[in-house]
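**Student:** Mind having a look at this structure? Questions to follow.
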Amino acid sequence: MCYHKKKNGFSLLSLIIGIIVVFIILNILYSIFSAMRPIIWPGYGYYHRGYWGRTYYGHRYPSNRYPPGPANKGSSFGERFASKKGSSSFASRFSSRYGRSRVSGFRSSGFFGGK
Amino acid sequence: MGLFDFFKKKKNQDQVDLIGHSLDGLKKGGIVELDGESWEVVDIGYYDYGDEKEWDWKLVSPTREGFLNKDEDGIYFFKREDLKKLSIDPIEYLKTHEDLPSEIKFDNKLYDLEYSGAAYYVKDGNRSPVVIWDFEDDNGNILEILQWADEDFELFLGRRLQEWEIEDVLS
């Protein structure tokens with residue numbers, strides 16, 4: 001009787017240790033996969049880390065600026081921008097200002113040289 | 001100690017002290033100590049003004065966003081501000097005016113227009129047009145308004161950094 005109890009206890013301990021070991025191995029594999037996700041899954045970071053959203057990466061990339069996917073492929077910036085030109089005050093404002101020197105402006109010389 | 005901490009530790013040992021006007025080694029994921037806060041570099045791009053370029057490191061701290069900007073003359077640090085603090089609403093103003101006014105108030109301080117121009121913001125091969133206005137107050141604080149589309153504006157307040165202000169850079 002005493003022998004059987006000892007045997008059963010040993011088996012239970014082995015089972016628990018086994019579960020823990022499997023859990024640790026799975027955890028390590030998950031960590032490795034997580035670390036490699038941006039490499040093996042192009043574009044992962046864009047969606048899942050808010051890459052295109054204002055909340056985290058919002059400064060240069062509002063969510064609608066460079067929509068990932070085929071919509072933005074095949075049409076160059078020039079084509080997209082030209083299609084808006086004329087109807088967009090922003091486009092005309094940009095066109096009339098592009099090329100104005102900035103380095104020679106107030107930042108280096110202290111006077112208004114850019115405008 | 002995690003599985004990858006060994007590699008991280010080795011990387012940090014190779015960190016470069018960038019306090020000498022050069023931020024060229026500052027990579028995405030790098031940390032900069034500025035204004036008593038830790039800022040993480042989350043994006044790197046540059047502004048193409050035609051014949052000039054300015055590098056731009058987008059930063060986030062636990063509480064706000066900002067960026068470092070480097071041109072031939074120096075390094076500038078900007079923090080995002082609320083457009084509502086401006087004395088005018090640029091979206092509404094530009095519906096009836098061709099340009100922003102030459103003076104603008106922010107937080108009840110007067111800023112004079114010092115530069116207005118346009119550039120392409122370039123990152124990962126994408127070029128995004130942006131119109132830029134820089135205003136400056138008497139203390140050298142720079143108010144930068146960026147227009148990315150007809151009704152897409154951003155506001156940043158910044159200044160030129162002194163060397164000693166960049167306390168630490170980990171790349």
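A note on labels: chains of the structure tokens are A, B, ... as shown, every chain counts residues from 1, and ligands are counted from 1 in their shown order.
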Counting only C-alpha atoms, which residues of chain B come no farther than 8 Å from chain A, as a count of residues only?

**Tutor:** 31

**Student:** As a PyMOL selection string, please: every residue in range 4-110 of chain B that DSSP puts in helix (DSSP H, G or I).

**Tutor:** chain B and resi 5-13+83-85+90-96

**Student:** Write the selection just made, keeping N, CA, C and O atoms, as a compact mmCIF listing (two decimals), in the first residue's frame?

**Tutor:**
# COMPACT_ATOMS: atom_id res chain seq x y z
N ASP B 5 18.25 38.76 -24.01
CA ASP B 5 18.92 39.80 -23.24
C ASP B 5 20.42 39.77 -23.43
O ASP B 5 21.09 40.79 -23.36
N PHE B 6 20.95 38.57 -23.66
CA PHE B 6 22.38 38.45 -23.86
C PHE B 6 22.84 39.30 -25.05
O PHE B 6 23.80 40.04 -24.98
N PHE B 7 22.05 39.21 -26.12
CA PHE B 7 22.42 39.98 -27.32
C PHE B 7 22.22 41.47 -27.09
O PHE B 7 22.99 42.30 -27.53
N LYS B 8 21.10 41.80 -26.39
CA LYS B 8 20.83 43.22 -26.12
C LYS B 8 21.96 43.84 -25.32
O LYS B 8 22.40 44.93 -25.57
N LYS B 9 22.42 43.10 -24.32
CA LYS B 9 23.47 43.63 -23.45
C LYS B 9 24.72 43.92 -24.27
O LYS B 9 25.34 44.96 -24.13
N LYS B 10 25.05 43.01 -25.17
CA LYS B 10 26.24 43.20 -25.96
C LYS B 10 26.11 44.43 -26.85
O LYS B 10 27.01 45.22 -27.00
N LYS B 11 24.87 44.61 -27.39
CA LYS B 11 24.65 45.75 -28.26
C LYS B 11 24.84 47.06 -27.50
O LYS B 11 25.44 47.99 -27.99
N ASN B 12 24.30 47.12 -26.26
CA ASN B 12 24.42 48.35 -25.49
C ASN B 12 25.88 48.66 -25.15
O ASN B 12 26.25 49.82 -25.01
N GLN B 13 26.69 47.63 -25.01
CA GLN B 13 28.08 47.88 -24.69
C GLN B 13 28.79 48.57 -25.86
O GLN B 13 29.79 49.25 -25.68
N LEU B 83 -3.22 71.95 -31.64
CA LEU B 83 -3.53 73.04 -32.58
C LEU B 83 -4.52 74.04 -32.00
O LEU B 83 -4.56 75.20 -32.41
N LYS B 84 -5.31 73.58 -31.04
CA LYS B 84 -6.31 74.48 -30.46
C LYS B 84 -5.68 75.60 -29.66
O LYS B 84 -6.34 76.57 -29.30
N LYS B 85 -4.40 75.45 -29.32
CA LYS B 85 -3.73 76.50 -28.56
C LYS B 85 -3.32 77.67 -29.45
O LYS B 85 -2.87 78.71 -28.96
N PRO B 90 -5.87 77.03 -38.42
CA PRO B 90 -5.26 77.08 -39.76
C PRO B 90 -6.16 76.53 -40.86
O PRO B 90 -6.13 77.02 -41.99
N ILE B 91 -6.95 75.54 -40.54
CA ILE B 91 -7.83 74.96 -41.56
C ILE B 91 -8.84 76.01 -42.02
O ILE B 91 -9.01 76.25 -43.22
N GLU B 92 -9.49 76.64 -41.07
CA GLU B 92 -10.48 77.66 -41.42
C GLU B 92 -9.82 78.89 -42.03
O GLU B 92 -10.34 79.47 -42.98
N TYR B 93 -8.66 79.25 -41.49
CA TYR B 93 -7.99 80.46 -41.97
C TYR B 93 -7.61 80.32 -43.44
O TYR B 93 -7.78 81.25 -44.23
N LEU B 94 -7.10 79.16 -43.81
CA LEU B 94 -6.63 78.98 -45.19
C LEU B 94 -7.78 78.75 -46.18
O LEU B 94 -7.54 78.68 -47.38
N LYS B 95 -8.95 78.65 -45.67
CA LYS B 95 -10.10 78.59 -46.59
C LYS B 95 -10.39 79.96 -47.19
O LYS B 95 -10.97 80.07 -48.27
N THR B 96 -9.98 80.97 -46.45
CA THR B 96 -10.27 82.34 -46.93
C THR B 96 -9.00 83.14 -47.20
O THR B 96 -9.08 84.26 -47.66

**Student:** Within 9 Å of Asp112 in chain B, counting only C-alpha atoms, which residues qualify if same-chain residues fewer than 4 places away don't, as a ChimeraX atom specification?

**Tutor:** /B:101-105,134-138

**Student:** Of the candidates B:Leu86, B:Glu81, B:Trp39, B:Trp133, which one gets nearest to Leu68 in chain B if we count only C-alpha atoms?

**Tutor:** B:Trp39

**Student:** Rounded to one decimal, what separation in Å do you get between CA of Ser34 in chain A and CA of Gly30 in chain B?

**Tutor:**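 Spanning CA of Ser34 in chain A to CA of Gly30 in chain B is a straight-line distance of 20.0 Å.
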
**Student:** Have a look at CA of Lys123 in chain B and CA of Trp57 in chain B and let me know their distance in Å, one decimal.

**Tutor:**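 We find that CA of Lys123 in chain B and CA of Trp57 in chain B lie 11.0 Å from each other.
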